[in-house]
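A quick write-up on the structure given underneath.
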Amino acid sequence: MFAYLIRRLLFFVPIVVGVMLLTFCLFFLVQSPDAMARRVLGPKATPKAVENWLHNRGYDKPLLINRDPEKPWHDSLFISQMGRLATLNLGNSDVSGRPLAEVFRQGALPSLLLTVPAFFAGIALSVGLALYLVFVRNAAADFLASLICVALMSVPVMVYVIFGQFLVAQVFNYFPAFGFQLQGWSTAKFLLLPVALMIVSGLGADVRLVRALFLEELGQDYIRTARAKGVSSAVILLRHVLKNGLINLITLVVASLPFLIMGSLLLENFFGIPGLGNVLFTAIQAPDFAVVQASVFLGSLLYLGGLLLTDLCYAWADPRIRLH
Amino acid sequence: MLTVHSLGIDFISGSNRTHAVKGISFSIAPGETLALVGESGSGKSVTGLALTRLLQEPPAVYSSGEILFEGSDVLKMSPRELRRLRGGKIAYVFQEPSTSLNPVFTVRSQIAEALHLHRPEVRDIDGEVARCLDMVGIVDPSKRMHDYPHQLSGGMQQRVMIAMALACHPKLLVADEPTTALDVTVQAQILDQMRLIKQQIKMAMLLITHNFGIIGGIADRVAVMFRGAIVEHGATAEVLHNPQHPYTKALIGCIPQLGQHRRRLTTIDYSTLG
Amino acid sequence: MTSFLQIWLPNLAVLTVLLVCVFLAKVVARSDRWTVARRRLQRDKVGQLAAFVCLIYLLVGALETVVVPTQTGSRTLLQMLCSGVPQEKGYAAPMASTALSISSPNPLISKHLLGTDALGRDTLVQTLRATRAALWIGGLTSLVYIPLGVLLGILAAYYRGWVDDLVQYFYSTIAAVPEILMLVAILMVLGKGLGTMAIALGITGWVGMARLIRGEALRQMERPYVAAAKAMGQSHWNIITKHLLPNVMHLVVIKFVLGFSGLVLAEAVLSYLGVGAPVGTASWGAIVDASRSELSREPLVWWNLASASFALFLLVLCLNVLGDSLRRAFDPKSTS
């Protein structure tokens, strides 16, 4: 188990380096640090101001490798930033100067308030609906449910949002259709619509997925054995199918867990929620490279963490799997 | 105890209707072992599953006949009566033990499930499970019962299936190709075990197989199935030594004999059977 | 010269697509799995309906793509067909005879089935024209990510070892970068436009296809026929093209159809976010974006949003239904 963890971590390091290199190149292919400084400072910035700005943030160093014979080769922008990140020092925003650890911590809460309820309510709803469909196994209900799910999946998110906001703002008007403020328990009124929309937009695909999983379980030999023992349909579903099916579901669920903190870029944008998704999007447009870099770094750590978590979860849940 | 009258089973897929079982009749007395022999597609497995309505309907359809178990017609039973029948009165052992046991539950929990359903009066579950495992010849049953199916060999898995079937003292055991998926040496062991159990508890058995070679010491009577119909039946010794129907003769003729020096194996020429 | 290309390149593209389809049809006609699937599809009425609707979209898109040179410049076939529909001065409600204005309800030139947008252009015509953008994105992106994904997936599964490690490294790395960042960055480098959007979406999209094909190819490698082919001394190229490729082709088709619907939706979202097609390109996302403020107008303007949303919804729905039908048709475990 220990050896497995070590091997996985060793595999992850080149990926993180690769990701950071890719992000670095993507960003600076688009514009040089010089051009970036000018965009941030505005068209009236003096060359001296630009120079100072670049120097204070270390952008006056060569990008990847230092070819200056008098300086060490590793005195470059990329490598010094990698060194800093390796110590988990996220640095400060290029634009505002605020320490990024604080920016992220502030943005994390709204994102989580949006994604966590939507995620878990979505799972509970999908599993419940899928179980019901599999239990009933009525051809008409199946067909209708299938159609509804595909229809739900086919509506673009923005239409859900526009429609939802329209309904709430013009027709129902019980809670706000836009905006966000942390006010203790009444923060919930800002979250009702986005969370509901998040659940509905994902429901179609999720129910189909879970239902397919459960149906595959139902076709297995050991279900026939259980039936031959006289186990009732309800118990077969709730005990045999659910336990086996959930093991497969875990891969998907656990892999998404770390991403909950990143929020939903679209929904945060539409509803004006100051979460991490919005932070990244604004940073790309600003442009604020420090924020982008730190976000991507965190994002890749979360992604890889999710992979590791999935493997561990699988090994814990399925007695056939032992990690070595 | 079990009487099947003119049972007919069809399978419907799209607009095709296949007659899998064409009006067969047979009976099994208490404590008796009937071997149902036939090749793949003869309808023998379908018959076995039909005894407790385990077939998926649709696509299966019971087109005719009745299945009388202890006086009641299985085909007319309510779902609750069927559930009591399955496992409690008629138990099954299937062909592939590796996939027939649920991989995420221990042996103990799977046998306990059967006990809870049909013998709720049993208090000492562990003891009873150990007793069942012991009866099928599993060494060290109190330890083995906490294993998961994938930790056991094929032969042991099949013994667990048999133990699970026997745990509720059924009147009839339907064994559908119980040894086909196992190695030859293990086959012999399992068959010996089944012979022993049969002597001990006087249980009736329906042994479904394509292999004439294994029914020798274990079956009292034989019914031969060909394309959905029973073409011959009688006492085992009688059918084996004196087959009447050309198909039975051909099937018995296929069994390779030790000591024979033949270059080609015998096969069945279907064109002469109609 | 550039105007010559502008006219004939799209026409050439349409022709190439037709030829490729004919070629593919001949290649797979011999395969067993495909004959069984075709039989199943012939009985699938719902799937046929969905396919028919998709074909209609394809036709409309083709009409908008084929460019005809005229005296006043070039116009698309669709434009020519709809030249009878006049442009008004401003908004008009569906089937209304006067302009949508409380102060000056001037008479309209003609009735418009679905109304007009802010510039007075007929909504139905605009929606039809936007079909091209959606199909273009789906088609071009597929041309990028399918060969890339299939090639890398098969190579990774066939050669295993360091090739597999390398491919997995690539797609893990790309998967770990937030998609929005990659898309925006690539678009900023290459400039906005449908073509560059296709490249950007393709670069992020091949990961899913590669994973899928790699998984299936690995399963196929376990089968005895691969060992048999190797034992007979078949070259690597032959084994890959004659044995592995035909056996994963059905997954490619299914993923293509289902992926197309995702791409069409992605185009709409990206246009909405402002990083998609350039201003002026008719696309459903752009129409939805423009319509967002229309909902708070007095009187309410809803027809542009409804039209574009419905067109988008119907296409994605039919693609999803078709993808499902294909999946069922190729599944060896389903009855019939």
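As shown in the structure tokens, the chain order sets the letters A, B, ...; within each chain, residues go from 1, and ligands are also counted from 1 in the order they appear.
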
Exercise. Please, which residues of range 86-275 of chain A, numbered as in this document, come out helix (DSSP H, G or I) from DSSP, as JSON, numbers by chain?
Worked result: {"A": [86, 100, 101, 102, 103, 104, 105, 106, 107, 108, 109, 110, 111, 112, 113, 114, 115, 116, 117, 118, 119, 120, 121, 122, 123, 124, 125, 126, 127, 128, 129, 130, 131, 132, 133, 134, 135, 136, 139, 140, 141, 142, 143, 144, 145, 146, 147, 148, 149, 150, 151, 152, 153, 154, 157, 158, 159, 160, 161, 162, 163, 164, 165, 166, 167, 168, 169, 170, 171, 172, 188, 189, 190, 191, 192, 193, 194, 195, 196, 197, 198, 199, 200, 201, 202, 203, 204, 205, 206, 207, 208, 209, 210, 211, 212, 213, 214, 215, 216, 217, 218, 221, 222, 223, 224, 225, 226, 227, 228, 233, 234, 235, 236, 237, 238, 239, 240, 241, 242, 243, 244, 245, 246, 247, 248, 249, 250, 251, 252, 253, 254, 255, 256, 257, 258, 259, 260, 261, 262, 265, 266, 267, 268, 269, 270, 271]}

For this session: Give me the residues within 9 Å of range 21-37 of chain A as JSON, numbers by chain, counting only C-alpha atoms and dropping any in the same chain fewer than 6 places off.
Result: {"A": [50, 51, 53, 54, 59, 60, 63, 78, 284, 286, 287, 288, 289, 292, 293, 296], "C": [173, 174, 177, 181, 182, 185, 186, 188, 189, 190]}

Restricted to N, CA and C atoms, what would the selected residues look like written as an mmCIF file, in the first residue's frame?
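And here is the file that came out, part_15.cif:
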data_model
loop_
_atom_site.group_PDB
_atom_site.id
_atom_site.type_symbol
_atom_site.label_atom_id
_atom_site.label_comp_id
_atom_site.auth_asym_id
_atom_site.auth_seq_id
_atom_site.Cartn_x
_atom_site.Cartn_y
_atom_site.Cartn_z
ATOM 1 N N VAL A 50 6.315 50.637 -16.099
ATOM 2 C CA VAL A 50 6.232 49.252 -16.573
ATOM 3 C C VAL A 50 7.419 48.453 -16.057
ATOM 4 N N GLU A 51 8.626 49.092 -16.178
ATOM 5 C CA GLU A 51 9.832 48.393 -15.730
ATOM 6 C C GLU A 51 9.736 48.026 -14.255
ATOM 7 N N TRP A 53 7.060 47.694 -12.426
ATOM 8 C CA TRP A 53 6.028 46.686 -12.247
ATOM 9 C C TRP A 53 6.590 45.298 -12.524
ATOM 10 N N LEU A 54 7.317 45.202 -13.665
ATOM 11 C CA LEU A 54 7.871 43.904 -14.049
ATOM 12 C C LEU A 54 8.908 43.435 -13.031
ATOM 13 N N TYR A 59 9.132 39.562 -13.343
ATOM 14 C CA TYR A 59 8.883 39.240 -14.739
ATOM 15 C C TYR A 59 9.972 39.725 -15.670
ATOM 16 N N ASP A 60 10.980 40.432 -15.089
ATOM 17 C CA ASP A 60 12.033 40.884 -15.985
ATOM 18 C C ASP A 60 13.072 39.793 -16.209
ATOM 19 N N LEU A 63 12.374 33.957 -19.546
ATOM 20 C CA LEU A 63 11.213 33.121 -19.287
ATOM 21 C C LEU A 63 11.537 31.721 -18.782
ATOM 22 N N PHE A 78 10.258 30.911 -14.953
ATOM 23 C CA PHE A 78 9.547 29.656 -14.756
ATOM 24 C C PHE A 78 10.099 28.895 -13.553
ATOM 25 N N ILE A 284 -8.080 35.419 -16.288
ATOM 26 C CA ILE A 284 -7.644 35.174 -17.653
ATOM 27 C C ILE A 284 -7.824 36.434 -18.481
ATOM 28 N N ALA A 286 -7.984 39.642 -17.352
ATOM 29 C CA ALA A 286 -7.401 40.876 -16.798
ATOM 30 C C ALA A 286 -6.182 41.408 -17.543
ATOM 31 N N PRO A 287 -5.101 40.710 -17.816
ATOM 32 C CA PRO A 287 -4.736 39.364 -17.387
ATOM 33 C C PRO A 287 -3.909 39.368 -16.096
ATOM 34 N N ASP A 288 -4.173 38.422 -15.241
ATOM 35 C CA ASP A 288 -3.436 38.362 -13.984
ATOM 36 C C ASP A 288 -2.768 36.998 -13.900
ATOM 37 N N PHE A 289 -1.521 36.929 -14.379
ATOM 38 C CA PHE A 289 -0.885 35.636 -14.529
ATOM 39 C C PHE A 289 -0.692 34.936 -13.196
ATOM 40 N N VAL A 292 -3.782 33.105 -12.381
ATOM 41 C CA VAL A 292 -3.981 31.967 -13.290
ATOM 42 C C VAL A 292 -3.060 30.826 -12.909
ATOM 43 N N GLN A 293 -1.806 31.160 -12.693
ATOM 44 C CA GLN A 293 -0.819 30.126 -12.398
ATOM 45 C C GLN A 293 -1.163 29.409 -11.104
ATOM 46 N N VAL A 296 -4.238 27.195 -11.575
ATOM 47 C CA VAL A 296 -3.958 25.975 -12.319
ATOM 48 C C VAL A 296 -3.183 24.995 -11.456
ATOM 49 N N THR C 173 -1.993 15.247 -18.417
ATOM 50 C CA THR C 173 -1.593 16.634 -18.293
ATOM 51 C C THR C 173 -2.651 17.566 -18.865
ATOM 52 N N ILE C 174 -3.111 17.256 -20.056
ATOM 53 C CA ILE C 174 -4.110 18.112 -20.667
ATOM 54 C C ILE C 174 -5.391 18.099 -19.853
ATOM 55 N N VAL C 177 -5.338 20.586 -16.858
ATOM 56 C CA VAL C 177 -5.426 22.028 -17.066
ATOM 57 C C VAL C 177 -6.894 22.388 -17.222
ATOM 58 N N LEU C 181 -9.313 27.625 -19.511
ATOM 59 C CA LEU C 181 -8.033 28.300 -19.695
ATOM 60 C C LEU C 181 -7.427 27.929 -21.032
ATOM 61 N N MET C 182 -7.428 26.618 -21.318
ATOM 62 C CA MET C 182 -6.849 26.164 -22.573
ATOM 63 C C MET C 182 -7.580 26.787 -23.757
ATOM 64 N N ALA C 185 -6.904 30.591 -24.016
ATOM 65 C CA ALA C 185 -5.520 30.862 -24.408
ATOM 66 C C ALA C 185 -5.300 30.551 -25.881
ATOM 67 N N ILE C 186 -5.754 29.359 -26.306
ATOM 68 C CA ILE C 186 -5.551 28.987 -27.701
ATOM 69 C C ILE C 186 -6.273 29.972 -28.626
ATOM 70 N N MET C 188 -6.920 33.059 -28.034
ATOM 71 C CA MET C 188 -6.240 34.342 -28.086
ATOM 72 C C MET C 188 -5.003 34.270 -28.957
ATOM 73 N N VAL C 189 -4.337 33.127 -28.975
ATOM 74 C CA VAL C 189 -3.151 32.999 -29.819
ATOM 75 C C VAL C 189 -3.547 32.943 -31.288
ATOM 76 N N LEU C 190 -4.520 32.083 -31.586
ATOM 77 C CA LEU C 190 -4.872 31.852 -32.980
ATOM 78 C C LEU C 190 -5.902 32.832 -33.510
#

Problem set entry | Selection near Val254 in chain A, 8 Å with only C-alpha atoms, sequence-local residues under 4 positions removed, as a ChimeraX atom specification | /A:250,258,306,309-310,313

For this session: Kindly give the distance, in Å, that separates CA of Gln170 in chain A and CA of Ala306 in chain C, rounded to a single decimal.
Result: 17.1 Å

Exercise. In Å to one decimal, how far is CA of Phe214 in chain A from CA of Val127 in chain A?
Worked result: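 The value is 9.4 Å.
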
For this session: Would you give me, as JSON, numbers by chain, the residues of chain B that come within 10 Å of chain C, using only C-alpha atoms?
Result: {"B": [12, 13, 14, 15, 16, 59]}
